[in-house]
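Everything below belongs to input27.pdb, which stores PDB, C-alpha atoms, pLDDT in the B column.
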ATOM      1  CA  MET A   1    -114.432 208.875 -83.140  1.00 49.00           C
ATOM      2  CA  GLY A   2    -114.924 209.962 -86.723  1.00 66.00           C
ATOM      3  CA  LEU A   3    -112.974 209.072 -89.837  1.00 69.00           C
ATOM      4  CA  TYR A   4    -109.858 207.709 -88.131  1.00 74.00           C
ATOM      5  CA  PRO A   5    -109.397 204.417 -86.240  1.00 79.00           C
ATOM      6  CA  GLN A   6    -107.842 206.465 -83.439  1.00 84.00           C
ATOM      7  CA  ARG A   7    -107.015 210.141 -83.079  1.00 90.00           C
ATOM      8  CA  LEU A   8    -103.370 210.959 -82.628  1.00 95.00           C
ATOM      9  CA  PHE A   9    -103.539 214.739 -82.166  1.00 98.00           C
ATOM     10  CA  ASN A  10    -105.638 217.850 -82.407  1.00 98.00           C
ATOM     11  CA  VAL A  11    -103.873 220.441 -84.532  1.00 98.00           C
ATOM     12  CA  VAL A  12    -105.018 223.981 -83.809  1.00 98.00           C
ATOM     13  CA  LEU A  13    -104.324 226.892 -86.170  1.00 98.00           C
ATOM     14  CA  LEU A  14    -104.997 230.306 -84.648  1.00 98.00           C
ATOM     15  CA  GLU A  15    -106.150 232.778 -87.285  1.00 96.00           C
ATOM     16  CA  PRO A  16    -104.286 231.183 -90.211  1.00 96.00           C
ATOM     17  CA  GLU A  17    -103.651 233.562 -93.109  1.00 94.00           C
ATOM     18  CA  ILE A  18    -102.309 231.481 -96.002  1.00 90.00           C
ATOM     19  CA  PRO A  19    -104.657 228.914 -97.580  1.00 87.00           C
ATOM     20  CA  ASN A  20    -101.832 226.815 -99.042  1.00 87.00           C
ATOM     21  CA  ASN A  21    -100.335 226.271 -95.592  1.00 92.00           C
ATOM     22  CA  THR A  22    -103.698 225.270 -94.154  1.00 91.00           C
ATOM     23  CA  GLY A  23    -104.312 222.883 -97.065  1.00 89.00           C
ATOM     24  CA  ASN A  24    -100.923 221.229 -96.550  1.00 91.00           C
ATOM     25  CA  ILE A  25    -101.539 220.961 -92.818  1.00 95.00           C
ATOM     26  CA  GLY A  26    -104.944 219.382 -93.482  1.00 93.00           C
ATOM     27  CA  ARG A  27    -103.271 216.765 -95.668  1.00 91.00           C
ATOM     28  CA  THR A  28    -100.715 216.041 -92.923  1.00 95.00           C
ATOM     29  CA  CYS A  29    -103.568 215.692 -90.417  1.00 96.00           C
ATOM     30  CA  VAL A  30    -105.251 213.059 -92.605  1.00 94.00           C
ATOM     31  CA  GLY A  31    -101.965 211.172 -92.928  1.00 93.00           C
ATOM     32  CA  LEU A  32    -101.400 211.208 -89.167  1.00 95.00           C
ATOM     33  CA  TRP A  33    -104.997 210.636 -87.998  1.00 94.00           C
ATOM     34  CA  SER A  34    -105.368 214.069 -86.456  1.00 97.00           C
ATOM     35  CA  GLN A  35    -108.235 216.520 -86.270  1.00 97.00           C
ATOM     36  CA  LEU A  36    -107.693 220.062 -87.539  1.00 97.00           C
ATOM     37  CA  HIS A  37    -109.177 222.948 -85.575  1.00 98.00           C
ATOM     38  CA  LEU A  38    -109.302 226.322 -87.310  1.00 96.00           C
ATOM     39  CA  VAL A  39    -109.734 229.266 -84.946  1.00 98.00           C
ATOM     40  CA  GLY A  40    -110.988 232.437 -86.574  1.00 95.00           C
ATOM     41  CA  PRO A  41    -110.956 234.870 -87.950  1.00 93.00           C
ATOM     42  CA  LEU A  42    -109.406 233.174 -90.969  1.00 87.00           C
ATOM     43  CA  GLY A  43    -107.413 235.085 -93.572  1.00 84.00           C
ATOM     44  CA  PHE A  44    -109.179 233.243 -96.396  1.00 75.00           C
ATOM     45  CA  SER A  45    -112.422 231.478 -97.241  1.00 76.00           C
ATOM     46  CA  ILE A  46    -112.727 227.820 -96.290  1.00 74.00           C
ATOM     47  CA  ASP A  47    -113.835 227.286 -99.904  1.00 72.00           C
ATOM     48  CA  ASP A  48    -110.617 228.828-101.270  1.00 55.00           C
ATOM     49  CA  LYS A  49    -109.286 226.972-104.325  1.00 69.00           C
ATOM     50  CA  GLN A  50    -105.701 227.215-103.066  1.00 64.00           C
ATOM     51  CA  LEU A  51    -106.719 225.552 -99.804  1.00 60.00           C
ATOM     52  CA  LYS A  52    -108.385 222.668-101.611  1.00 62.00           C
ATOM     53  CA  ARG A  53    -105.540 222.333-104.135  1.00 63.00           C
ATOM     54  CA  ALA A  54    -102.923 222.116-101.356  1.00 55.00           C
ATOM     55  CA  GLY A  55    -105.051 219.523 -99.526  1.00 55.00           C
ATOM     56  CA  LEU A  56    -105.597 217.658-102.801  1.00 59.00           C
ATOM     57  CA  ASP A  57    -108.261 214.983-102.725  1.00 72.00           C
ATOM     58  CA  TYR A  58    -107.601 214.353 -99.020  1.00 78.00           C
ATOM     59  CA  TRP A  59    -109.691 217.292 -97.851  1.00 78.00           C
ATOM     60  CA  ASP A  60    -112.881 215.177 -97.767  1.00 83.00           C
ATOM     61  CA  ASN A  61    -111.134 212.770 -95.347  1.00 89.00           C
ATOM     62  CA  LEU A  62    -110.178 215.518 -92.910  1.00 91.00           C
ATOM     63  CA  GLU A  63    -111.760 215.804 -89.477  1.00 94.00           C
ATOM     64  CA  LEU A  64    -112.217 219.572 -89.391  1.00 93.00           C
ATOM     65  CA  GLN A  65    -113.687 221.796 -86.717  1.00 95.00           C
ATOM     66  CA  TYR A  66    -114.078 225.570 -86.949  1.00 95.00           C
ATOM     67  CA  HIS A  67    -114.173 227.877 -83.919  1.00 97.00           C
ATOM     68  CA  LYS A  68    -115.111 231.548 -84.296  1.00 96.00           C
ATOM     69  CA  SER A  69    -112.595 232.735 -81.692  1.00 97.00           C
ATOM     70  CA  TRP A  70    -109.995 231.620 -79.172  1.00 97.00           C
ATOM     71  CA  SER A  71    -112.618 231.978 -76.455  1.00 97.00           C
ATOM     72  CA  ASP A  72    -114.987 229.642 -78.315  1.00 97.00           C
ATOM     73  CA  PHE A  73    -112.150 227.155 -78.795  1.00 98.00           C
ATOM     74  CA  GLU A  74    -111.251 227.191 -75.091  1.00 97.00           C
ATOM     75  CA  LYS A  75    -114.898 226.564 -74.189  1.00 98.00           C
ATOM     76  CA  SER A  76    -114.898 223.481 -76.439  1.00 98.00           C
ATOM     77  CA  LEU A  77    -111.935 221.825 -74.706  1.00 98.00           C
ATOM     78  CA  PRO A  78    -112.628 218.668 -72.726  1.00 97.00           C
ATOM     79  CA  ALA A  79    -111.629 218.563 -69.064  1.00 97.00           C
ATOM     80  CA  GLY A  80    -107.960 217.734 -68.690  1.00 96.00           C
ATOM     81  CA  ALA A  81    -107.023 218.672 -72.269  1.00 98.00           C
ATOM     82  CA  ARG A  82    -103.257 218.909 -72.745  1.00 98.00           C
ATOM     83  CA  LEU A  83    -102.225 221.982 -74.730  1.00 98.00           C
ATOM     84  CA  PHE A  84     -98.819 222.545 -76.361  1.00 98.00           C
ATOM     85  CA  PHE A  85     -98.105 225.974 -77.861  1.00 98.00           C
ATOM     86  CA  PHE A  86     -95.373 226.306 -80.497  1.00 97.00           C
ATOM     87  CA  GLU A  87     -93.800 229.729 -80.731  1.00 95.00           C
ATOM     88  CA  THR A  88     -90.309 230.998 -81.567  1.00 88.00           C
ATOM     89  CA  GLY A  89     -89.805 232.453 -78.068  1.00 84.00           C
ATOM     90  CA  GLY A  90     -90.643 229.296 -76.117  1.00 88.00           C
ATOM     91  CA  SER A  91     -88.425 228.460 -73.151  1.00 90.00           C
ATOM     92  CA  GLN A  92     -88.637 224.716 -73.870  1.00 96.00           C
ATOM     93  CA  THR A  93     -87.915 222.918 -77.124  1.00 96.00           C
ATOM     94  CA  LEU A  94     -89.952 220.441 -79.124  1.00 97.00           C
ATOM     95  CA  PHE A  95     -87.615 217.747 -77.803  1.00 96.00           C
ATOM     96  CA  ASP A  96     -88.647 218.513 -74.196  1.00 97.00           C
ATOM     97  CA  ALA A  97     -92.312 217.828 -74.974  1.00 98.00           C
ATOM     98  CA  VAL A  98     -93.755 214.425 -74.079  1.00 98.00           C
ATOM     99  CA  PHE A  99     -96.819 213.749 -76.207  1.00 98.00           C
ATOM    100  CA  GLU A 100     -99.898 211.611 -75.629  1.00 97.00           C
ATOM    101  CA  PRO A 101    -102.797 210.753 -77.936  1.00 96.00           C
ATOM    102  CA  ASP A 102    -105.388 213.533 -78.241  1.00 97.00           C
ATOM    103  CA  ASP A 103    -102.978 216.326 -77.269  1.00 98.00           C
ATOM    104  CA  TYR A 104    -103.679 219.777 -78.695  1.00 98.00           C
ATOM    105  CA  LEU A 105    -100.803 221.177 -80.771  1.00 98.00           C
ATOM    106  CA  ILE A 106    -101.342 224.921 -81.151  1.00 98.00           C
ATOM    107  CA  PHE A 107     -99.779 227.181 -83.781  1.00 98.00           C
ATOM    108  CA  GLY A 108    -100.181 230.902 -84.462  1.00 97.00           C
ATOM    109  CA  LYS A 109    -100.752 232.908 -87.606  1.00 95.00           C
ATOM    110  CA  GLU A 110     -97.982 233.070 -90.165  1.00 94.00           C
ATOM    111  CA  THR A 111     -97.103 236.761 -89.758  1.00 93.00           C
ATOM    112  CA  LYS A 112     -97.447 237.299 -86.006  1.00 94.00           C
ATOM    113  CA  GLY A 113     -97.487 233.927 -84.258  1.00 94.00           C
ATOM    114  CA  ILE A 114     -99.603 233.439 -81.144  1.00 96.00           C
ATOM    115  CA  SER A 115    -100.760 236.596 -79.393  1.00 95.00           C
ATOM    116  CA  ALA A 116     -99.366 237.469 -75.957  1.00 94.00           C
ATOM    117  CA  SER A 117    -102.916 237.564 -74.579  1.00 94.00           C
ATOM    118  CA  VAL A 118    -103.253 233.831 -75.347  1.00 95.00           C
ATOM    119  CA  LEU A 119     -99.732 232.866 -74.299  1.00 95.00           C
ATOM    120  CA  ASP A 120     -99.902 234.676 -70.948  1.00 94.00           C
ATOM    121  CA  SER A 121    -102.238 231.999 -69.556  1.00 92.00           C
ATOM    122  CA  TYR A 122    -100.013 229.127 -70.699  1.00 95.00           C
ATOM    123  CA  ARG A 123     -96.404 230.241 -70.050  1.00 93.00           C
ATOM    124  CA  ASP A 124     -95.304 226.746 -68.944  1.00 94.00           C
ATOM    125  CA  ARG A 125     -96.721 225.146 -72.125  1.00 96.00           C
ATOM    126  CA  ILE A 126     -94.752 227.093 -74.783  1.00 97.00           C
ATOM    127  CA  PHE A 127     -92.255 225.194 -76.935  1.00 97.00           C
ATOM    128  CA  GLN A 128     -89.976 226.179 -79.797  1.00 95.00           C
ATOM    129  CA  ILE A 129     -88.309 224.267 -82.579  1.00 94.00           C
ATOM    130  CA  PRO A 130     -84.569 224.869 -82.266  1.00 91.00           C
ATOM    131  CA  PHE A 131     -82.568 225.634 -85.392  1.00 88.00           C
ATOM    132  CA  PRO A 132     -78.963 226.727 -85.891  1.00 87.00           C
ATOM    133  CA  GLY A 133     -79.425 228.488 -89.240  1.00 89.00           C
ATOM    134  CA  GLU A 134     -79.920 232.187 -89.899  1.00 90.00           C
ATOM    135  CA  ILE A 135     -83.718 232.307 -90.218  1.00 82.00           C
ATOM    136  CA  ARG A 136     -86.432 233.871 -88.046  1.00 83.00           C
ATOM    137  CA  SER A 137     -88.679 230.823 -88.151  1.00 83.00           C
ATOM    138  CA  PHE A 138     -89.834 227.883 -90.222  1.00 88.00           C
ATOM    139  CA  ASN A 139     -92.837 227.903 -92.565  1.00 92.00           C
ATOM    140  CA  LEU A 140     -96.041 227.095 -90.668  1.00 96.00           C
ATOM    141  CA  ALA A 141     -96.863 223.931 -92.638  1.00 96.00           C
ATOM    142  CA  ASN A 142     -93.304 222.642 -92.121  1.00 95.00           C
ATOM    143  CA  THR A 143     -93.436 223.469 -88.414  1.00 97.00           C
ATOM    144  CA  VAL A 144     -96.685 221.560 -87.955  1.00 98.00           C
ATOM    145  CA  ALA A 145     -95.253 218.566 -89.841  1.00 98.00           C
ATOM    146  CA  MET A 146     -92.104 218.540 -87.681  1.00 97.00           C
ATOM    147  CA  VAL A 147     -94.098 218.654 -84.454  1.00 98.00           C
ATOM    148  CA  MET A 148     -96.573 215.998 -85.585  1.00 98.00           C
ATOM    149  CA  CYS A 149     -93.811 213.659 -86.742  1.00 97.00           C
ATOM    150  CA  GLU A 150     -91.958 214.007 -83.439  1.00 98.00           C
ATOM    151  CA  GLY A 151     -95.224 213.281 -81.632  1.00 97.00           C
ATOM    152  CA  PHE A 152     -95.892 210.289 -83.873  1.00 96.00           C
ATOM    153  CA  ARG A 153     -92.338 209.038 -83.283  1.00 96.00           C
ATOM    154  CA  GLN A 154     -92.874 209.227 -79.523  1.00 97.00           C
ATOM    155  CA  LEU A 155     -96.258 207.478 -79.641  1.00 95.00           C
ATOM    156  CA  HIS A 156     -94.875 204.727 -81.865  1.00 93.00           C
ATOM    157  CA  ALA A 157     -91.787 204.230 -79.675  1.00 93.00           C
ATOM    158  CA  SER A 158     -94.005 203.862 -76.601  1.00 93.00           C
ATOM    159  CA  GLY A 159     -96.268 201.343 -78.366  1.00 92.00           C
ATOM    160  CA  GLN A 160     -99.292 203.648 -78.316  1.00 91.00           C
ATOM    161  CA  VAL A 161     -99.647 203.646 -82.102  1.00 87.00           C
ATOM    162  CA  SER A 162     -98.768 201.206 -84.867  1.00 80.00           C
ATOM    163  CA  LEU A 163     -97.140 201.922 -88.206  1.00 73.00           C
ATOM    164  CA  ASP A 164     -99.821 199.788 -89.873  1.00 73.00           C
ATOM    165  CA  ARG A 165    -102.413 201.579 -91.976  1.00 68.00           C
ATOM    166  CA  ALA A 166    -106.031 201.238 -90.994  1.00 58.00           C
TER     167      ALA A 166
END
Show me, as structure tokens, the structure contained in the file I just sent.
Amino acid sequence: MGLYPQRLFNVVLLEPEIPNNTGNIGRTCVGLWSQLHLVGPLGFSIDDKQLKRAGLDYWDNLELQYHKSWSDFEKSLPAGARLFFFETGGSQTLFDAVFEPDDYLIFGKETKGISASVLDSYRDRIFQIPFPGEIRSFNLANTVAMVMCEGFRQLHASGQVSLDRA
């Protein structure tokens, strides 16, 4: 399995652009036993100091996988993989999603989101985070944390994961 006693989720960042966001997301992945998949091209170097600073000393505990492209990522998926795409224009909300361990939670780049060419194949798997305030969207790292915490809440409520640390 890797570093974690069980894997909760697979977090997928498509062409992330801001190293601080990716570092924060990596830290959240360590805290919630989830693997981080980075799908290129990246907008920064994986050795970027800002990335490592945002991930603090947790970066060495991160299960990280890099994929050169969306096509390479799709080829790596196991049979039956459950994919959830999070995008501002989704027809379903985060609260409609029912999560299971090992689900793939997919997020787009900070400036443009997930491309239409990717979303076109998964129209029934697109979710949004509803918000009443006057903003276009949430910060990527905050969005990932909200989705992961809702998923964790669901898995805990169903008895699939414990609150106990490993």
Q. To one decimal place, how far is atom CA of A:Phe99 from atom CA of A:Glu134 in Å?
A.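 According to the coordinates, atom CA of A:Phe99 and atom CA of A:Glu134 are separated by 28.5 Å.
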**Q.** Minimum-distance residue to A:Gly113, chosen among A:Glu87, A:Arg125, A:Trp33, A:Pro132 (using all atoms listed in the file)
**A.**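 Using all atoms listed in the file, A:Gly113 sits closest to A:Glu87.
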Q) Given the file above and the PyMOL selection byres ((chain A and resi 82) around 6), which residues are selected, and can you give them as a PyMOL selection string? A) chain A and resi 81+83+103
Take the residues that were just selected and, keeping C-alpha atoms, output them as a PDB file, in the coordinates of the input.
ATOM      1  CA  ALA A  81    -107.023 218.672 -72.269  1.00 98.00           C
ATOM      2  CA  LEU A  83    -102.225 221.982 -74.730  1.00 98.00           C
ATOM      3  CA  ASP A 103    -102.978 216.326 -77.269  1.00 98.00           C
TER       4      ASP A 103
END
Q) Which of these, A:Phe44, A:Tyr104, A:Phe138, A:Phe152, has the shortest distance to A:Pro78 once you count only C-alpha atoms? A) A:Tyr104
Q: Using the chain letters and numbering of this document, enumerate as an NGL selection string the residues selected by the PyMOL selection byres ((chain A and resi 84) around 12).
A: :A and (9-12 or 81-83 or 85-87 or 90 or 92-94 or 96-100 or 102-108 or 114 or 119 or 122-128 or 144 or 147-148 or 151)
Q.
Between atom CA of A:Lys75 and atom CA of A:Gly31, what distance in Å does the model show, to one decimal?
A. 27.5 Å
**Q.** Of the listed residues A:Ile129, A:Leu32, A:Val161, A:Leu14, that which approaches A:Asn142 most closely, counting only C-alpha atoms
**A.**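 With only C-alpha atoms as the atom set, the closest residue is A:Ile129.
Distances from A:Ser76, A:Asn20, A:Ser71, A:Gln160 to A:Val118 were compared using all atoms listed in the file, and the smallest one belongs to A:Ser71.
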Q | Of the listed residues A:Leu77, A:Ser45, A:Glu110, A:Val30, that which approaches A:Leu13 most closely, counting all atoms listed in the file | A | A:Glu110
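With atom CA of A:Ser91 on one side and atom CA of A:Arg136 on the other, the separation reads 16.0 Å.
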Q) Quick one: of A:Leu62, A:Pro101, A:Gly43, A:Thr111, who's nearest to A:Tyr4, counting all atoms listed in the file? A)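 Closest residue, counting all atoms listed in the file: A:Leu62.
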Q: Name all residues at most 10 Å from A:Phe73 (count only C-alpha atoms; drop same-chain ones fewer than 4 positions away) and give them as a list in words.
A: Val12, Leu14, His37, Leu38, Val39, Gly40, Gln65, Tyr66, His67, Lys68, Ser69 and Leu77 of chain A
Can you save stretch 97-165 of chain A of the given block to a file, including C-alpha atoms and formatted as a PDB file, in the first residue's frame?
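Printed below is result_10.pdb as written:
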ATOM      1  CA  ALA A  97     -21.307  12.859  -4.100  1.00  0.00           C
ATOM      2  CA  VAL A  98     -21.079   9.542  -2.253  1.00  0.00           C
ATOM      3  CA  PHE A  99     -17.437   8.674  -1.653  1.00  0.00           C
ATOM      4  CA  GLU A 100     -15.652   5.359  -1.201  1.00  0.00           C
ATOM      5  CA  PRO A 101     -12.037   4.583  -0.312  1.00  0.00           C
ATOM      6  CA  ASP A 102      -9.629   4.921  -3.250  1.00  0.00           C
ATOM      7  CA  ASP A 103     -11.846   7.330  -5.207  1.00  0.00           C
ATOM      8  CA  TYR A 104     -10.098   9.780  -7.525  1.00  0.00           C
ATOM      9  CA  LEU A 105     -10.829  13.432  -6.709  1.00  0.00           C
ATOM     10  CA  ILE A 106      -9.851  15.529  -9.726  1.00  0.00           C
ATOM     11  CA  PHE A 107      -9.153  19.268  -9.757  1.00  0.00           C
ATOM     12  CA  GLY A 108      -8.088  21.605 -12.564  1.00  0.00           C
ATOM     13  CA  LYS A 109      -5.457  24.298 -12.827  1.00  0.00           C
ATOM     14  CA  GLU A 110      -5.904  27.453 -10.807  1.00  0.00           C
ATOM     15  CA  THR A 111      -6.516  29.855 -13.709  1.00  0.00           C
ATOM     16  CA  LYS A 112      -8.622  27.770 -16.097  1.00  0.00           C
ATOM     17  CA  GLY A 113     -10.007  24.760 -14.240  1.00  0.00           C
ATOM     18  CA  ILE A 114     -10.443  21.456 -16.057  1.00  0.00           C
ATOM     19  CA  SER A 115     -10.417  21.612 -19.845  1.00  0.00           C
ATOM     20  CA  ALA A 116     -13.612  20.886 -21.788  1.00  0.00           C
ATOM     21  CA  SER A 117     -11.790  18.133 -23.688  1.00  0.00           C
ATOM     22  CA  VAL A 118     -11.362  16.224 -20.401  1.00  0.00           C
ATOM     23  CA  LEU A 119     -14.798  17.029 -18.996  1.00  0.00           C
ATOM     24  CA  ASP A 120     -16.668  16.018 -22.160  1.00  0.00           C
ATOM     25  CA  SER A 121     -16.018  12.328 -21.434  1.00  0.00           C
ATOM     26  CA  TYR A 122     -17.223  12.582 -17.829  1.00  0.00           C
ATOM     27  CA  ARG A 123     -20.290  14.880 -17.883  1.00  0.00           C
ATOM     28  CA  ASP A 124     -22.139  12.817 -15.242  1.00  0.00           C
ATOM     29  CA  ARG A 125     -19.154  12.958 -12.844  1.00  0.00           C
ATOM     30  CA  ILE A 126     -18.773  16.760 -12.478  1.00  0.00           C
ATOM     31  CA  PHE A 127     -19.453  18.326  -9.078  1.00  0.00           C
ATOM     32  CA  GLN A 128     -19.259  21.863  -7.733  1.00  0.00           C
ATOM     33  CA  ILE A 129     -18.903  23.323  -4.281  1.00  0.00           C
ATOM     34  CA  PRO A 130     -21.897  25.594  -3.713  1.00  0.00           C
ATOM     35  CA  PHE A 131     -21.342  29.002  -2.150  1.00  0.00           C
ATOM     36  CA  PRO A 132     -23.669  31.960  -1.624  1.00  0.00           C
ATOM     37  CA  GLY A 133     -21.012  34.691  -1.554  1.00  0.00           C
ATOM     38  CA  GLU A 134     -19.891  36.950  -4.383  1.00  0.00           C
ATOM     39  CA  ILE A 135     -16.786  35.070  -5.551  1.00  0.00           C
ATOM     40  CA  ARG A 136     -15.984  33.176  -8.760  1.00  0.00           C
ATOM     41  CA  SER A 137     -14.471  30.200  -6.970  1.00  0.00           C
ATOM     42  CA  PHE A 138     -12.514  29.058  -3.948  1.00  0.00           C
ATOM     43  CA  ASN A 139      -8.720  28.755  -3.785  1.00  0.00           C
ATOM     44  CA  LEU A 140      -7.573  25.367  -5.098  1.00  0.00           C
ATOM     45  CA  ALA A 141      -5.954  24.223  -1.837  1.00  0.00           C
ATOM     46  CA  ASN A 142      -9.106  25.173   0.102  1.00  0.00           C
ATOM     47  CA  THR A 143     -11.318  23.402  -2.429  1.00  0.00           C
ATOM     48  CA  VAL A 144      -9.307  20.193  -2.161  1.00  0.00           C
ATOM     49  CA  ALA A 145      -9.441  20.366   1.651  1.00  0.00           C
ATOM     50  CA  MET A 146     -13.229  20.854   1.629  1.00  0.00           C
ATOM     51  CA  VAL A 147     -13.778  17.902  -0.692  1.00  0.00           C
ATOM     52  CA  MET A 148     -11.397  15.630   1.212  1.00  0.00           C
ATOM     53  CA  CYS A 149     -12.956  16.505   4.565  1.00  0.00           C
ATOM     54  CA  GLU A 150     -16.460  15.809   3.262  1.00  0.00           C
ATOM     55  CA  GLY A 151     -15.201  12.487   1.905  1.00  0.00           C
ATOM     56  CA  PHE A 152     -13.510  11.688   5.211  1.00  0.00           C
ATOM     57  CA  ARG A 153     -16.701  12.614   7.081  1.00  0.00           C
ATOM     58  CA  GLN A 154     -18.695  10.214   4.909  1.00  0.00           C
ATOM     59  CA  LEU A 155     -16.197   7.361   5.288  1.00  0.00           C
ATOM     60  CA  HIS A 156     -16.056   7.846   9.053  1.00  0.00           C
ATOM     61  CA  ALA A 157     -19.856   8.009   9.378  1.00  0.00           C
ATOM     62  CA  SER A 158     -20.178   4.741   7.449  1.00  0.00           C
ATOM     63  CA  GLY A 159     -17.540   3.039   9.622  1.00  0.00           C
ATOM     64  CA  GLN A 160     -15.072   2.648   6.755  1.00  0.00           C
ATOM     65  CA  VAL A 161     -12.366   4.672   8.500  1.00  0.00           C
ATOM     66  CA  SER A 162     -11.467   5.372  12.116  1.00  0.00           C
ATOM     67  CA  LEU A 163     -10.495   8.666  13.702  1.00  0.00           C
ATOM     68  CA  ASP A 164      -7.568   6.895  15.380  1.00  0.00           C
ATOM     69  CA  ARG A 165      -4.089   7.713  14.126  1.00  0.00           C
TER      70      ARG A 165
END
